[in-house]
Amino acid sequence: MAPVLGNCRLCLTHDVELQESHIIPKWASKRLRAVGSTRNPNPITITYGQAVQKSNQITEKMLCAHCEQMVGRSEKYVAKLAYGADGEPVPLSILGISLTDAFSAIGSGISIANLHTDKIVYFASSVVWRASVAHRHDTGKPRIGRRYQEEFRSYLLGSASFPKNARLVLGILVQPANAPHPRHNIVSFPATGRYGGYHRHVFFICGLYFELCIGSQMPK
Ligand SMILES: [Zn+2]
């Protein structure tokens with residue numbers, strides 16, 4: 001296919017060859033492809049947001065090769081934290097915690113020394129930002145507003161720190177025994193909800209739950 005030239009939406013360089021960007025990372029769609037096979041016959045469950053059935057096709061040419069690579073780096077780390085294609089549990093050992101620790105932390109949070117929170121925050125921001133700047137209509141289209149869109153663009157580009165009026169919550173979905181819908185098969189585009197003085201953009205990827213809150217009046 002002939003290269004498509006355009007303006008990179010991240011670094012704003014004009015007339016560069018644009019790469020096919022996945023809104024939801026490629027590794028997540030690969031894990032979902034096991035759905036429907038005899039190995040993993042259960043359907044995808046979506047609590048809210050939009051189901052990704054053919055996520056390998058949810059792409060858009062929006063970034064130059066350099067930016068595409070930069071954004072992709074954080075995806076590799078998060079891929080290690082997510083559930084495997086056959087529902088292997090999240091490798092808590094790489095986080096240095098036991099399942100008991102994880103359960104006791106529910107609702108209160110846990111401090112994990114060797115968790116690369118910078119990569120997780122970058123990743124979640126990039127998913128929400130990419131979905132918000134996509135021209136396609138099937139990406140959840142989170143409404144983050146022009147001002148925050150620009151703040152996130154600068155942050156993702158490495159020229160600013162994480163926006164002051166933003167917080168990220170990461171949750172790991174626990175797979176109850178005999179649950180009909182495997183948590184690791186849940187993948188969704190960001191869905192936006194408004195709560196008083198802030199917006200919450202929520203999405204799921206292979207057993208991980210991300211909640212990016214943006215607004216000037218955030219709960220403590
Ligand atoms: Zn670029």
# chains A, B, ... in the order shown; residues from 1 in each chain; ligands from 1
>>> residues_around(residues="Arg9 in chain A", least_positions_apart="6", cutoff="9 Å", atoms="only C-alpha atoms", output="PDB file with N, CA and C atoms, in the first residue's frame")
ATOM      1  N   MET A  62      -2.422   7.990  12.393  1.00  0.00           N
ATOM      2  CA  MET A  62      -2.416   9.260  13.130  1.00  0.00           C
ATOM      3  C   MET A  62      -1.051   9.698  13.637  1.00  0.00           C
ATOM      4  N   LEU A  63      -0.065   8.779  13.682  1.00  0.00           N
ATOM      5  CA  LEU A  63       1.233   9.147  14.250  1.00  0.00           C
ATOM      6  C   LEU A  63       2.376   8.863  13.282  1.00  0.00           C
ATOM      7  N   CYS A  64       3.457   9.626  13.422  1.00  0.00           N
ATOM      8  CA  CYS A  64       4.658   9.355  12.641  1.00  0.00           C
ATOM      9  C   CYS A  64       5.359   8.143  13.266  1.00  0.00           C
ATOM     10  N   VAL A 133      -8.467  11.621  20.001  1.00  0.00           N
ATOM     11  CA  VAL A 133      -8.076  12.350  18.783  1.00  0.00           C
ATOM     12  C   VAL A 133      -8.388  11.562  17.507  1.00  0.00           C
ATOM     13  N   ARG A 153      -1.176  15.737  25.222  1.00  0.00           N
ATOM     14  CA  ARG A 153      -0.291  15.632  24.053  1.00  0.00           C
ATOM     15  C   ARG A 153       1.140  16.010  24.457  1.00  0.00           C
TER      16      ARG A 153
END
>>> residues_near_ligand(ligand="ligand 1", cutoff="12 Å", atoms="only C-alpha atoms and all ligand atoms", output="number ranges by chain")
A: 5-19, 21, 61-71, 153-154, 156-158
>>> residues_around(residues="range 144-152 of chain A", least_positions_apart="6", cutoff="10 Å", atoms="only C-alpha atoms", output="ChimeraX atom specification")
/A:10,122,125-126,128-130,132-133,158-166,192,199-201,213-215
>>> select_by_dssp(residues="range 53-193 of chain A", states="strand (DSSP E or B)", output="VMD selection string")
chain A and resid 59 to 64 166 to 172 187 to 188 191 to 193
>>> atom_distance(atom1="CA of Val202 in chain A", atom2="CA of His22 in chain A")
17.6 Å
>>> decode(residues="range 127-153 of chain A", atoms="N, CA and C atoms", output="short mmCIF file (atom, residue, chain, number, x, y, z; two decimals), in the first residue's frame")
data_model
loop_
_atom_site.label_atom_id
_atom_site.label_comp_id
_atom_site.auth_asym_id
_atom_site.auth_seq_id
_atom_site.Cartn_x
_atom_site.Cartn_y
_atom_site.Cartn_z
N VAL A 127 -3.84 5.66 25.61
CA VAL A 127 -5.06 5.02 25.09
C VAL A 127 -6.21 6.03 25.05
N VAL A 128 -6.37 6.77 26.16
CA VAL A 128 -7.47 7.74 26.22
C VAL A 128 -7.23 8.87 25.21
N TRP A 129 -6.00 9.33 25.12
CA TRP A 129 -5.69 10.43 24.19
C TRP A 129 -5.90 9.99 22.74
N ARG A 130 -5.36 8.81 22.39
CA ARG A 130 -5.51 8.31 21.01
C ARG A 130 -6.99 8.16 20.64
N ALA A 131 -7.77 7.60 21.57
CA ALA A 131 -9.20 7.43 21.28
C ALA A 131 -9.88 8.78 21.13
N SER A 132 -9.39 9.78 21.88
CA SER A 132 -10.02 11.11 21.82
C SER A 132 -9.66 11.88 20.56
N VAL A 133 -8.47 11.62 20.00
CA VAL A 133 -8.08 12.35 18.78
C VAL A 133 -8.39 11.56 17.51
N ALA A 134 -8.85 10.33 17.67
CA ALA A 134 -9.19 9.51 16.49
C ALA A 134 -10.37 10.13 15.75
N HIS A 135 -10.35 9.99 14.44
CA HIS A 135 -11.49 10.48 13.65
C HIS A 135 -12.56 9.42 13.52
N ARG A 136 -12.18 8.17 13.77
CA ARG A 136 -13.16 7.08 13.69
C ARG A 136 -14.23 7.31 14.77
N HIS A 137 -15.38 6.74 14.55
CA HIS A 137 -16.45 6.94 15.53
C HIS A 137 -16.64 5.73 16.43
N ASP A 138 -15.82 4.70 16.21
CA ASP A 138 -16.03 3.47 16.99
C ASP A 138 -14.92 3.26 18.03
N THR A 139 -14.36 4.35 18.53
CA THR A 139 -13.27 4.21 19.49
C THR A 139 -13.66 4.67 20.89
N GLY A 140 -14.96 4.81 21.12
CA GLY A 140 -15.41 5.27 22.43
C GLY A 140 -15.45 6.78 22.51
N LYS A 141 -14.58 7.45 21.72
CA LYS A 141 -14.56 8.91 21.65
C LYS A 141 -14.65 9.59 23.03
N PRO A 142 -13.70 9.30 23.94
CA PRO A 142 -13.77 9.97 25.25
C PRO A 142 -13.67 11.49 25.07
N ARG A 143 -14.48 12.22 25.79
CA ARG A 143 -14.48 13.67 25.66
C ARG A 143 -13.56 14.25 26.74
N ILE A 144 -12.35 14.61 26.34
CA ILE A 144 -11.44 15.17 27.34
C ILE A 144 -11.27 16.68 27.17
N GLY A 145 -11.84 17.23 26.14
CA GLY A 145 -11.78 18.68 25.95
C GLY A 145 -10.45 19.12 25.36
N ARG A 146 -10.47 20.23 24.66
CA ARG A 146 -9.29 20.70 23.94
C ARG A 146 -8.10 20.98 24.86
N ARG A 147 -8.40 21.63 25.99
CA ARG A 147 -7.32 22.03 26.90
C ARG A 147 -6.57 20.79 27.43
N TYR A 148 -7.32 19.81 27.89
CA TYR A 148 -6.68 18.61 28.43
C TYR A 148 -6.06 17.75 27.32
N GLN A 149 -6.70 17.79 26.16
CA GLN A 149 -6.14 17.05 25.02
C GLN A 149 -4.73 17.56 24.73
N GLU A 150 -4.58 18.88 24.81
CA GLU A 150 -3.28 19.50 24.55
C GLU A 150 -2.30 19.21 25.68
N GLU A 151 -2.77 19.23 26.92
CA GLU A 151 -1.90 18.92 28.07
C GLU A 151 -1.40 17.47 27.97
N PHE A 152 -2.28 16.58 27.58
CA PHE A 152 -1.88 15.17 27.46
C PHE A 152 -0.94 14.97 26.27
N ARG A 153 -1.18 15.74 25.22
CA ARG A 153 -0.29 15.63 24.05
C ARG A 153 1.14 16.01 24.46
#
